[in-house]
$ cat model.txt   # compact mmCIF, C-alpha atoms and all ligand atoms
# COMPACT_ATOMS: atom_id res chain seq x y z
CA MET X 1 82.25 131.20 123.46
CA SER X 2 79.03 132.33 121.82
CA GLU X 3 76.70 134.45 123.93
CA SER X 4 73.08 133.40 124.19
CA PRO X 5 70.48 135.94 123.03
CA GLY X 6 68.22 137.57 125.61
CA GLY X 7 67.68 136.43 129.16
CA SER X 8 65.06 133.75 128.73
CA ARG X 9 65.32 130.01 129.34
CA ALA X 10 67.24 128.62 126.37
CA THR X 11 67.20 124.89 127.03
CA ASP X 12 66.12 123.22 123.87
CA HIS X 13 65.19 119.63 124.64
CA GLU X 14 65.37 118.61 121.01
CA GLY X 15 68.60 120.45 120.26
CA ASN X 16 70.02 119.48 123.71
CA SER X 17 71.47 122.90 124.48
CA MET X 18 71.10 125.14 127.49
CA ARG X 19 72.35 128.41 128.94
CA ALA X 20 75.28 128.31 131.36
CA ALA X 21 77.41 130.95 133.09
CA MET X 22 81.00 130.24 132.09
CA TYR X 23 84.45 131.80 131.80
CA ASP X 24 87.39 131.04 129.56
CA ARG X 25 90.20 132.42 131.77
CA TYR X 26 90.77 133.12 135.45
CA GLY X 27 90.00 136.74 136.29
CA PRO X 28 87.58 139.35 137.68
CA ALA X 29 83.80 138.93 137.72
CA ASN X 30 83.45 140.27 134.17
CA VAL X 31 85.12 137.16 132.69
CA LEU X 32 81.73 135.49 133.26
CA THR X 33 79.39 135.30 130.26
CA ILE X 34 76.19 133.42 129.46
CA VAL X 35 76.79 130.89 126.71
CA GLU X 36 74.98 128.08 124.92
CA ARG X 37 76.30 124.70 125.98
CA PRO X 38 75.35 121.10 125.36
CA GLU X 39 73.20 119.61 128.12
CA PRO X 40 75.30 117.84 130.78
CA THR X 41 75.71 114.07 130.90
CA MET X 42 73.19 112.46 133.23
CA GLN X 43 74.54 111.17 136.59
CA ASP X 44 71.93 110.05 139.16
CA LEU X 45 69.71 113.11 138.67
CA MET X 46 69.12 115.73 136.00
CA VAL X 47 67.70 118.91 137.53
CA GLU X 48 66.10 121.87 135.79
CA VAL X 49 67.57 124.69 137.87
CA VAL X 50 65.28 127.46 139.11
CA ALA X 51 68.02 129.20 141.09
CA SER X 52 71.62 128.87 142.26
CA SER X 53 73.44 130.90 144.86
CA VAL X 54 76.86 132.52 144.93
CA ASN X 55 79.38 131.57 147.61
CA PRO X 56 82.86 133.01 148.19
CA LYS X 57 84.15 129.66 146.80
CA ASP X 58 82.71 130.62 143.37
CA THR X 59 84.58 133.90 143.37
CA PHE X 60 87.84 132.42 144.67
CA VAL X 61 87.84 129.65 142.04
CA ARG X 62 87.00 132.12 139.24
CA LYS X 63 89.84 134.42 140.32
CA GLY X 64 92.30 131.51 140.19
CA ARG X 65 92.99 131.17 143.91
CA PHE X 66 92.43 127.40 143.64
CA LYS X 67 94.19 126.81 140.28
CA TYR X 68 95.84 123.66 141.55
CA GLN X 69 92.49 122.06 142.44
CA ALA X 70 90.40 123.53 139.61
CA GLY X 71 92.97 122.93 136.86
CA ALA X 72 93.79 124.68 133.60
CA ARG X 73 90.97 123.40 131.35
CA PHE X 74 88.57 126.07 130.05
CA PRO X 75 85.83 127.06 129.67
CA LYS X 76 84.73 126.52 133.26
CA GLY X 77 81.28 126.79 134.79
CA THR X 78 80.39 128.38 138.09
CA GLY X 79 77.94 127.64 140.91
CA TYR X 80 77.79 124.80 143.45
CA ASP X 81 74.37 125.39 145.06
CA PHE X 82 71.12 124.76 143.22
CA ALA X 83 67.39 124.31 143.62
CA GLY X 84 65.15 122.97 140.89
CA ILE X 85 62.93 120.21 139.59
CA VAL X 86 64.18 116.72 138.73
CA THR X 87 63.65 116.06 135.01
CA ALA X 88 65.24 112.59 134.87
CA SER X 89 66.25 110.26 137.67
CA ARG X 90 67.99 106.97 138.42
CA VAL X 91 67.05 107.00 142.12
CA ASP X 92 63.76 105.94 143.70
CA ASP X 93 63.48 108.63 146.38
CA MET X 94 63.75 111.60 143.98
CA PRO X 95 61.77 110.72 140.84
CA ALA X 96 61.16 113.13 137.95
CA GLY X 97 59.03 116.02 139.15
CA THR X 98 60.58 116.19 142.67
CA PRO X 99 61.60 119.67 143.85
CA VAL X 100 65.19 119.26 145.09
CA TYR X 101 68.10 121.29 146.34
CA GLY X 102 71.75 120.51 146.75
CA MET X 103 75.42 121.25 146.29
CA VAL X 104 77.69 119.77 143.65
CA LYS X 105 80.97 118.64 145.19
CA GLY X 106 84.53 119.29 144.12
CA TRP X 107 85.94 122.21 142.14
CA GLY X 108 83.85 121.96 138.98
CA GLY X 109 81.20 124.62 139.60
CA ARG X 110 78.30 124.27 137.14
CA SER X 111 74.94 125.02 138.78
CA ALA X 112 74.57 128.55 137.34
CA ALA X 113 72.93 127.00 134.27
CA ASP X 114 69.56 125.79 133.07
CA LEU X 115 70.36 122.16 133.92
CA VAL X 116 72.62 120.51 136.44
CA SER X 117 73.45 116.83 136.67
CA CYS X 118 74.41 115.44 140.07
CA ARG X 119 74.84 112.39 142.28
CA ARG X 120 72.15 111.36 144.78
CA GLN X 121 74.53 112.25 147.64
CA GLU X 122 74.63 115.87 146.41
CA ALA X 123 70.85 116.48 146.56
CA ALA X 124 67.72 115.99 148.65
CA PRO X 125 64.04 116.94 148.41
CA ALA X 126 63.76 120.70 148.99
CA PRO X 127 61.95 121.95 152.11
CA ARG X 128 58.26 122.22 151.15
CA SER X 129 57.65 125.21 153.40
CA LEU X 130 59.91 127.51 151.34
CA PRO X 131 59.62 128.95 147.84
CA LEU X 132 61.84 126.61 145.79
CA ILE X 133 63.99 129.54 144.62
CA ASP X 134 64.95 130.37 148.22
CA ALA X 135 66.06 126.78 148.88
CA ALA X 136 69.07 127.50 146.62
CA ALA X 137 70.37 129.83 149.34
CA ILE X 138 70.86 126.98 151.79
CA PRO X 139 73.14 124.10 150.75
CA LEU X 140 76.82 125.12 150.86
CA ALA X 141 76.52 127.69 153.65
CA GLY X 142 73.95 125.68 155.64
CA LEU X 143 75.96 122.45 155.39
CA THR X 144 79.10 124.30 156.50
CA ALA X 145 77.36 125.74 159.56
CA LEU X 146 75.77 122.39 160.48
CA GLN X 147 78.95 120.34 160.01
CA ALA X 148 81.14 122.91 161.82
CA LEU X 149 78.92 123.21 164.89
CA ARG X 150 77.72 119.61 165.14
CA ASP X 151 80.82 117.68 163.99
CA ASN X 152 83.89 119.89 164.50
CA ALA X 153 82.71 121.67 167.64
CA SER X 154 80.37 118.95 169.06
CA LEU X 155 78.22 121.87 170.28
CA ARG X 156 75.89 120.78 173.09
CA PRO X 157 72.80 122.34 174.74
CA GLY X 158 73.70 124.98 177.31
CA GLN X 159 77.15 125.69 175.83
CA SER X 160 78.19 129.15 174.73
CA VAL X 161 79.34 129.89 171.18
CA LEU X 162 80.92 132.97 169.66
CA ILE X 163 80.32 133.33 165.90
CA ASN X 164 82.69 135.72 164.09
CA GLY X 165 81.30 136.82 160.70
CA ALA X 166 77.78 136.05 161.91
CA SER X 167 75.86 138.16 159.40
CA GLY X 168 77.07 136.51 156.16
CA GLY X 169 76.04 133.34 154.35
CA VAL X 170 77.50 130.78 156.76
CA GLY X 171 77.06 132.99 159.83
CA THR X 172 73.31 133.52 159.47
CA TYR X 173 72.81 129.73 159.37
CA ALA X 174 75.32 129.23 162.21
CA ILE X 175 73.33 131.53 164.52
CA GLN X 176 70.12 129.64 163.83
CA ILE X 177 71.64 126.14 163.99
CA ALA X 178 73.48 126.96 167.23
CA LYS X 179 70.15 128.10 168.74
CA ALA X 180 68.46 124.92 167.47
CA LEU X 181 71.24 122.91 169.18
CA GLY X 182 70.40 124.72 172.45
CA ALA X 183 73.46 126.98 172.70
CA GLU X 184 73.85 130.55 173.93
CA VAL X 185 74.98 132.60 170.94
CA THR X 186 77.17 135.70 170.71
CA SER X 187 77.50 137.18 167.23
CA VAL X 188 80.37 139.33 165.95
CA SER X 189 79.49 141.61 163.03
CA SER X 190 79.59 145.27 161.99
CA SER X 191 77.34 147.55 164.03
CA ALA X 192 75.03 147.81 160.98
CA SER X 193 74.39 144.03 161.11
CA GLN X 194 73.88 143.67 164.88
CA GLU X 195 70.09 143.99 164.74
CA HIS X 196 69.99 141.44 161.93
CA CYS X 197 71.95 138.95 164.08
CA ARG X 198 69.66 139.58 167.05
CA ARG X 199 66.60 138.96 164.89
CA LEU X 200 68.06 135.60 163.81
CA GLY X 201 68.40 134.56 167.45
CA ALA X 202 71.75 135.84 168.77
CA ASP X 203 71.51 136.28 172.55
CA HIS X 204 74.40 138.78 172.58
CA THR X 205 75.86 140.85 169.76
CA HIS X 206 79.28 142.46 169.42
CA ASP X 207 80.37 145.13 166.92
CA TYR X 208 83.86 144.33 165.61
CA GLY X 209 84.41 148.09 165.23
CA ARG X 210 84.77 148.18 169.04
CA GLY X 211 87.50 145.53 169.06
CA ARG X 212 87.57 142.23 167.22
CA LEU X 213 86.31 140.25 170.22
CA PRO X 214 84.06 141.00 173.20
CA PRO X 215 86.18 141.77 176.27
CA GLY X 216 86.10 139.69 179.45
CA GLN X 217 84.14 136.67 178.13
CA ARG X 218 85.07 133.03 177.54
CA TYR X 219 83.21 130.58 175.28
CA ASP X 220 82.92 126.82 174.87
CA VAL X 221 83.10 127.24 171.09
CA VAL X 222 84.53 129.93 168.84
CA PHE X 223 83.35 129.53 165.23
CA ASP X 224 85.48 131.88 163.16
CA VAL X 225 83.41 132.02 159.98
CA PHE X 226 85.11 135.12 158.59
CA GLY X 227 88.47 133.50 159.34
CA ASN X 228 90.51 136.55 160.39
CA LEU X 229 91.15 135.67 164.04
CA SER X 230 94.60 134.44 165.05
CA ARG X 231 94.93 131.42 167.32
CA ARG X 232 96.41 133.79 169.93
CA GLU X 233 93.29 136.01 169.81
CA VAL X 234 91.01 132.97 169.98
CA THR X 235 92.87 131.67 173.04
CA THR X 236 91.93 134.84 174.96
CA VAL X 237 88.20 134.06 174.62
CA LEU X 238 88.17 130.23 174.57
CA LYS X 239 87.51 128.18 177.71
CA ARG X 240 90.29 125.75 178.71
CA THR X 241 88.43 122.86 177.08
CA GLY X 242 86.84 124.96 174.33
CA ARG X 243 86.82 124.20 170.60
CA HIS X 244 87.90 126.62 167.87
CA VAL X 245 86.56 125.99 164.36
CA THR X 246 87.71 127.98 161.35
CA THR X 247 86.60 128.01 157.70
CA VAL X 248 89.85 129.29 156.22
CA PRO X 249 92.71 126.90 155.34
CA SER X 250 95.46 129.48 155.92
CA ALA X 251 98.95 128.29 156.85
CA ALA X 252 98.41 129.59 160.40
CA ASN X 253 95.07 127.78 160.79
CA LEU X 254 96.49 124.53 159.37
CA ALA X 255 99.46 124.79 161.76
CA ALA X 256 97.11 125.43 164.71
CA THR X 257 94.99 122.44 163.67
CA ALA X 258 98.04 120.16 163.66
CA LEU X 259 99.58 121.53 166.85
CA THR X 260 96.40 121.43 168.97
CA ARG X 261 95.03 118.15 167.67
CA PHE X 262 95.41 116.32 170.98
CA LEU X 263 94.81 119.31 173.25
CA PRO X 264 91.49 119.91 175.01
CA HIS X 265 91.20 123.40 173.43
CA ARG X 266 91.77 122.33 169.85
CA THR X 267 91.50 124.18 166.55
CA SER X 268 89.94 122.47 163.54
CA LEU X 269 89.14 123.38 159.96
CA VAL X 270 85.66 122.67 158.63
CA VAL X 271 85.69 121.30 155.07
CA VAL X 272 82.12 121.25 153.83
CA ARG X 273 80.87 117.95 152.34
CA SER X 274 77.88 117.26 150.09
CA ASN X 275 75.70 114.96 152.13
CA HIS X 276 72.16 113.79 151.41
CA HIS X 277 71.37 113.16 155.09
CA ASP X 278 72.64 116.56 156.17
CA LEU X 279 70.48 118.20 153.47
CA LEU X 280 67.52 116.28 154.91
CA GLU X 281 68.47 117.57 158.37
CA LEU X 282 68.55 121.16 157.07
CA SER X 283 65.13 120.57 155.44
CA ARG X 284 63.80 119.33 158.78
CA LEU X 285 65.05 122.48 160.54
CA VAL X 286 63.41 124.64 157.87
CA GLN X 287 60.11 122.72 158.15
CA GLU X 288 60.17 123.21 161.94
CA GLY X 289 60.71 126.95 161.51
CA ALA X 290 64.15 126.80 163.16
CA LEU X 291 66.03 127.75 159.98
CA VAL X 292 65.11 130.55 157.61
CA PRO X 293 67.34 131.55 154.68
CA GLU X 294 68.15 135.25 154.54
CA VAL X 295 68.30 136.42 150.93
CA GLN X 296 69.72 139.89 150.45
CA ARG X 297 69.69 140.12 146.64
CA ARG X 298 68.36 138.17 143.66
CA PHE X 299 70.08 138.56 140.27
CA PRO X 300 68.89 137.07 136.96
CA LEU X 301 71.24 134.49 135.43
CA THR X 302 72.23 137.06 132.80
CA GLU X 303 73.65 139.23 135.64
CA VAL X 304 75.70 136.50 137.28
CA ALA X 305 78.82 138.69 137.11
CA ALA X 306 77.07 141.36 139.21
CA ALA X 307 76.06 138.67 141.71
CA HIS X 308 79.73 137.61 142.03
CA ALA X 309 80.82 141.23 142.47
CA HIS X 310 78.25 141.66 145.24
CA VAL X 311 79.63 138.66 147.14
CA GLU X 312 83.19 139.94 146.64
CA SER X 313 82.28 143.04 148.67
CA LYS X 314 82.59 140.75 151.75
CA HIS X 315 79.57 142.51 153.25
CA THR X 316 76.73 140.34 151.97
CA ARG X 317 74.03 140.03 154.59
CA GLY X 318 72.78 136.47 154.25
CA LYS X 319 72.86 135.13 150.69
CA VAL X 320 72.81 136.21 147.04
CA LEU X 321 70.70 134.22 144.57
CA VAL X 322 71.02 133.82 140.81
CA VAL X 323 67.55 133.17 139.40
CA ASN X 324 66.94 131.42 136.06
N1 LIG N 401 86.07 125.50 154.58
C1 LIG N 401 84.85 125.39 154.06
O1 LIG N 401 84.36 124.28 153.78
C2 LIG N 401 84.06 126.65 153.82
C3 LIG N 401 82.70 126.56 153.55
C4 LIG N 401 81.96 127.73 153.40
C5 LIG N 401 82.61 128.96 153.49
N2 LIG N 401 83.94 129.01 153.71
C6 LIG N 401 84.63 130.30 153.84
O2 LIG N 401 84.03 130.99 154.94
C7 LIG N 401 84.12 132.39 154.73
C8 LIG N 401 82.75 133.01 154.96
O3 LIG N 401 81.82 132.48 154.00
P1 LIG N 401 80.39 133.18 153.85
O4 LIG N 401 79.65 132.46 152.81
O5 LIG N 401 79.77 133.39 155.18
O6 LIG N 401 80.88 134.61 153.29
P2 LIG N 401 80.05 135.96 153.10
O7 LIG N 401 78.60 135.70 153.10
O8 LIG N 401 80.64 136.67 151.92
O9 LIG N 401 80.43 136.78 154.41
C9 LIG N 401 80.08 138.13 154.44
C10 LIG N 401 80.04 138.58 155.88
O10 LIG N 401 81.36 138.76 156.39
C11 LIG N 401 81.27 139.76 157.40
N3 LIG N 401 82.52 140.47 157.67
C12 LIG N 401 83.16 141.33 156.82
N4 LIG N 401 84.27 141.81 157.44
C13 LIG N 401 84.31 141.25 158.69
C14 LIG N 401 85.21 141.34 159.79
N5 LIG N 401 86.30 142.10 159.73
N6 LIG N 401 84.94 140.62 160.90
C15 LIG N 401 83.85 139.84 160.99
N7 LIG N 401 82.94 139.70 159.97
C16 LIG N 401 83.18 140.40 158.83
C17 LIG N 401 80.25 140.73 156.87
O11 LIG N 401 79.59 141.31 157.97
P3 LIG N 401 79.38 142.91 158.05
O12 LIG N 401 78.73 143.30 156.74
O13 LIG N 401 78.51 143.05 159.24
O14 LIG N 401 80.75 143.51 158.17
C18 LIG N 401 79.30 139.89 156.01
O15 LIG N 401 78.06 139.68 156.62
C19 LIG N 401 84.66 132.57 153.31
O16 LIG N 401 86.04 132.82 153.37
C20 LIG N 401 84.40 131.22 152.66
O17 LIG N 401 85.29 130.93 151.61
C21 LIG N 401 84.69 127.89 153.87
$ encode --input "model.txt" --output "structure tokens" --more "lines below"
Ligand SMILES: NC(=O)c1ccc[n+]([C@@H]2O[C@H](COP(=O)([O-])OP(=O)(O)OC[C@H]3O[C@@H](n4cnc5c(N)ncnc54)[C@H](OP(=O)(O)O)[C@@H]3O)[C@@H](O)[C@H]2O)c1
Amino acid sequence: MSESPGGSRATDHEGNSMRAAMYDRYGPANVLTIVERPEPTMQDLMVEVVASSVNPKDTFVRKGRFKYQAGARFPKGTGYDFAGIVTASRVDDMPAGTPVYGMVKGWGGRSAADLVSCRRQEAAPAPRSLPLIDAAAIPLAGLTALQALRDNASLRPGQSVLINGASGGVGTYAIQIAKALGAEVTSVSSSASQEHCRRLGADHTHDYGRGRLPPGQRYDVVFDVFGNLSRREVTTVLKRTGRHVTTVPSAANLAATALTRFLPHRTSLVVVRSNHHDLLELSRLVQEGALVPEVQRRFPLTEVAAAHAHVESKHTRGKVLVVN
């Protein structure tokens, strides 16, 4: 792979090349380099990316944890989330010039680049009340929080929800979406992140350094974002008819999902989906002031490897952006 010179925008509309963050083998963050690539083939939309964000999925795929799904063809791109401006369009509701945001589906990450091509279902107009760059912090984590709480947990007004891993990408949206759905929220985080969770709307906060779960409480919903709670631990804090939602497809969580499927206190795994209507719903929450992305760090595209390393610390507060 040939490295692109400098850090500036390298898309050349006549020469049809662009910069992209890619890697030619599975490995640590430093396998990522910025290379010149041909522009992607147009799907429904071609988007000039202003920013992407890094999710744990990017780091897991790059390390080879999902080799079966991602396959053995290299080089591979990285990045699922994006925000940018439509440069060419085959759909009426997002013509050229529209600021959009979205998440490319599947295992072929590619949004950490100057251009991304996507389907209509994977994008929506970006919330107008936010800087476009910050909209890139929302899609994958925001969709996960929305789909987990609304669809898996069927969270209703007045119910109580415990969110474990509340200060990270998914958790910060989960706190805010649970409040928007009218729930009473308890966050679980490190002591250093408790104030952050309170500021986002948590009614109660718990420091996992004092025990993984708050003692003596029971909840209608346990959303285990961090994914380290056993079904046995969850049972001690879940009401008899409560719902347990996890993000992690471990053998234990998959077994719990199958075994509790028809029980009132069931476990389920959220599997995030690209969805145009859900992106519109997230935009609506942002416009109403109910959802604010928390961006901890911004890295230039040329430092995408450092952005991955930051997320791999497992202590990101909110989100990490990669800015073009
Ligand atoms: N199934 C799906 O569709 C799906 C979708 C999205 C994400 N996920 C998965 O969900 C997980 C979380 O994603 P994310 O984007 O929120 O990750 P993230 O932003 O990297 O999460 C970082 C957060 O984890 C917290 N944390 C670290 N150790 C903890 C512990 N022992 N107990 C509780 N919290 C702890 C940290 O809080 P402190 O700094 O306060 O310790 C930090 O705020 C990842 O495994 C990701 O792959 C799955």
$ closest_atom_pairs --input "model.txt" --of "chain X" --to "ligand LIG 401 (chain N)" --cutoff "7 Å" --atoms "only C-alpha atoms and all ligand atoms" --output "JSON lines"
{"residue": "X:Asn55", "atom": "CA", "partner": "N:LIG401", "partner_atom": "O4", "distance": 5.3}
{"residue": "X:Pro56", "atom": "CA", "partner": "N:LIG401", "partner_atom": "O17", "distance": 4.7}
{"residue": "X:Lys57", "atom": "CA", "partner": "N:LIG401", "partner_atom": "O17", "distance": 5.1}
{"residue": "X:Leu140", "atom": "CA", "partner": "N:LIG401", "partner_atom": "C4", "distance": 6.3}
{"residue": "X:Ala141", "atom": "CA", "partner": "N:LIG401", "partner_atom": "C4", "distance": 5.4}
{"residue": "X:Thr144", "atom": "CA", "partner": "N:LIG401", "partner_atom": "C3", "distance": 5.2}
{"residue": "X:Asn164", "atom": "CA", "partner": "N:LIG401", "partner_atom": "C15", "distance": 5.3}
{"residue": "X:Gly165", "atom": "CA", "partner": "N:LIG401", "partner_atom": "N7", "distance": 3.4}
{"residue": "X:Ala166", "atom": "CA", "partner": "N:LIG401", "partner_atom": "O15", "distance": 6.4}
{"residue": "X:Ser167", "atom": "CA", "partner": "N:LIG401", "partner_atom": "O15", "distance": 3.9}
{"residue": "X:Gly168", "atom": "CA", "partner": "N:LIG401", "partner_atom": "O15", "distance": 3.4}
{"residue": "X:Gly169", "atom": "CA", "partner": "N:LIG401", "partner_atom": "O7", "distance": 3.7}
{"residue": "X:Val170", "atom": "CA", "partner": "N:LIG401", "partner_atom": "O5", "distance": 3.8}
{"residue": "X:Gly171", "atom": "CA", "partner": "N:LIG401", "partner_atom": "O5", "distance": 5.4}
{"residue": "X:Val188", "atom": "CA", "partner": "N:LIG401", "partner_atom": "C15", "distance": 6.1}
{"residue": "X:Ser189", "atom": "CA", "partner": "N:LIG401", "partner_atom": "O13", "distance": 4.2}
{"residue": "X:Ser190", "atom": "CA", "partner": "N:LIG401", "partner_atom": "O13", "distance": 3.7}
{"residue": "X:Ser191", "atom": "CA", "partner": "N:LIG401", "partner_atom": "O13", "distance": 6.7}
{"residue": "X:Ala192", "atom": "CA", "partner": "N:LIG401", "partner_atom": "O13", "distance": 6.1}
{"residue": "X:Ser193", "atom": "CA", "partner": "N:LIG401", "partner_atom": "O13", "distance": 4.6}
{"residue": "X:Tyr208", "atom": "CA", "partner": "N:LIG401", "partner_atom": "N6", "distance": 6.1}
{"residue": "X:Val225", "atom": "CA", "partner": "N:LIG401", "partner_atom": "C8", "distance": 5.2}
{"residue": "X:Phe226", "atom": "CA", "partner": "N:LIG401", "partner_atom": "C8", "distance": 4.8}
{"residue": "X:Gly227", "atom": "CA", "partner": "N:LIG401", "partner_atom": "C7", "distance": 6.4}
{"residue": "X:Asn228", "atom": "CA", "partner": "N:LIG401", "partner_atom": "N6", "distance": 6.9}
{"residue": "X:Thr247", "atom": "CA", "partner": "N:LIG401", "partner_atom": "N1", "distance": 4.0}
{"residue": "X:Val248", "atom": "CA", "partner": "N:LIG401", "partner_atom": "N1", "distance": 5.6}
{"residue": "X:Pro249", "atom": "CA", "partner": "N:LIG401", "partner_atom": "N1", "distance": 6.8}
{"residue": "X:Leu269", "atom": "CA", "partner": "N:LIG401", "partner_atom": "N1", "distance": 6.5}
{"residue": "X:Val270", "atom": "CA", "partner": "N:LIG401", "partner_atom": "N1", "distance": 5.0}
{"residue": "X:Val271", "atom": "CA", "partner": "N:LIG401", "partner_atom": "O1", "distance": 3.5}
{"residue": "X:Val272", "atom": "CA", "partner": "N:LIG401", "partner_atom": "O1", "distance": 3.8}
{"residue": "X:Val311", "atom": "CA", "partner": "N:LIG401", "partner_atom": "O8", "distance": 5.3}
{"residue": "X:Glu312", "atom": "CA", "partner": "N:LIG401", "partner_atom": "O8", "distance": 6.7}
{"residue": "X:Lys314", "atom": "CA", "partner": "N:LIG401", "partner_atom": "C9", "distance": 4.5}
{"residue": "X:His315", "atom": "CA", "partner": "N:LIG401", "partner_atom": "O12", "distance": 3.7}
{"residue": "X:Thr316", "atom": "CA", "partner": "N:LIG401", "partner_atom": "C9", "distance": 4.7}
{"residue": "X:Arg317", "atom": "CA", "partner": "N:LIG401", "partner_atom": "O15", "distance": 4.5}
{"residue": "X:Gly318", "atom": "CA", "partner": "N:LIG401", "partner_atom": "O7", "distance": 6.0}
{"residue": "X:Lys319", "atom": "CA", "partner": "N:LIG401", "partner_atom": "O7", "distance": 6.3}
$ residues_around --input "model.txt" --residues "Val304 (chain X)" --least-positions-apart "3" --cutoff "8 Å" --atoms "only C-alpha atoms" --output "PyMOL selection string"
chain X and resi 21+32+299-301+307-308+322
$ residues_around --input "model.txt" --residues "Leu280 (chain X)" --least-positions-apart "5" --cutoff "12 Å" --atoms "all atoms listed in the file" --output "list in words"
Val100, Tyr101, Gly102, Gln121, Glu122, Ala123, Ala124, Pro125, Ala126, Pro127, Arg128, Ile138, Pro139, Gly142, Leu143, Leu146, Ser274, Asn275, Leu285, Val286 and Gln287 of chain X
$ atom_distance --input "model.txt" --atom1 "CA of Ile85 (chain X)" --atom2 "CA of Ala290 (chain X)"
24.5 Å
$ residues_around --input "model.txt" --residues "Asp58 (chain X)" --least-positions-apart "4" --cutoff "12 Å" --atoms "all atoms listed in the file" --output "ChimeraX atom specification"
/X:21-23,26-29,32,52-54,62-66,70,76-81,104,106-112,140,304-305,307-309,311-312,320
$ residues_around --input "model.txt" --residues "Pro38 (chain X)" --least-positions-apart "3" --cutoff "8 Å" --atoms "all atoms listed in the file" --output "ChimeraX atom specification"
/X:16-18
$ atom_distance --input "model.txt" --atom1 "CA of Cys197 (chain X)" --atom2 "CA of Gln296 (chain X)"
13.8 Å
$ atom_distance --input "model.txt" --atom1 "CA of Val323 (chain X)" --atom2 "CA of Arg298 (chain X)"
6.6 Å
$ residues_around --input "model.txt" --residues "Met46 (chain X)" --least-positions-apart "3" --cutoff "8 Å" --atoms "all atoms listed in the file" --output "MDAnalysis selection string"
chainID X and resid 42:43 86:89 115:118
$ write_last_selection --input "model.txt" --atoms "C-alpha atoms" --output "CSV table (one decimal), in the coordinates of the input"
chain,number,residue,atom,x,y,z
X,42,MET,CA,73.2,112.5,133.2
X,43,GLN,CA,74.5,111.2,136.6
X,86,VAL,CA,64.2,116.7,138.7
X,87,THR,CA,63.6,116.1,135.0
X,88,ALA,CA,65.2,112.6,134.9
X,89,SER,CA,66.2,110.3,137.7
X,115,LEU,CA,70.4,122.2,133.9
X,116,VAL,CA,72.6,120.5,136.4
X,117,SER,CA,73.4,116.8,136.7
X,118,CYS,CA,74.4,115.4,140.1
$ build_atoms --input "model.txt" --residues "region 185-197 of chain X" --atoms "N, CA and C atoms" --output "compact mmCIF listing (two decimals), keeping the file's coordinate frame"
# COMPACT_ATOMS: atom_id res chain seq x y z
N VAL X 185 74.23 132.10 172.11
CA VAL X 185 74.98 132.60 170.94
C VAL X 185 75.39 134.06 171.10
N THR X 186 76.68 134.32 170.83
CA THR X 186 77.17 135.70 170.71
C THR X 186 77.63 135.89 169.28
N SER X 187 77.11 136.90 168.62
CA SER X 187 77.50 137.18 167.23
C SER X 187 78.53 138.30 167.19
N VAL X 188 79.44 138.22 166.22
CA VAL X 188 80.37 139.33 165.95
C VAL X 188 80.12 139.76 164.51
N SER X 189 79.79 141.04 164.36
CA SER X 189 79.49 141.61 163.03
C SER X 189 79.78 143.10 163.08
N SER X 190 79.54 143.81 161.96
CA SER X 190 79.59 145.27 161.99
C SER X 190 78.40 145.76 162.82
N SER X 191 78.46 147.01 163.24
CA SER X 191 77.34 147.55 164.03
C SER X 191 76.06 147.53 163.19
N ALA X 192 76.21 147.76 161.86
CA ALA X 192 75.03 147.81 160.98
C ALA X 192 74.30 146.47 160.93
N SER X 193 75.00 145.36 161.21
CA SER X 193 74.39 144.03 161.11
C SER X 193 73.96 143.47 162.47
N GLN X 194 74.18 144.22 163.55
CA GLN X 194 73.88 143.67 164.88
C GLN X 194 72.40 143.33 165.05
N GLU X 195 71.53 144.22 164.59
CA GLU X 195 70.09 143.99 164.74
C GLU X 195 69.66 142.75 163.95
N HIS X 196 70.25 142.60 162.79
CA HIS X 196 69.99 141.44 161.93
C HIS X 196 70.36 140.14 162.68
N CYS X 197 71.51 140.14 163.34
CA CYS X 197 71.95 138.95 164.08
C CYS X 197 71.01 138.68 165.26
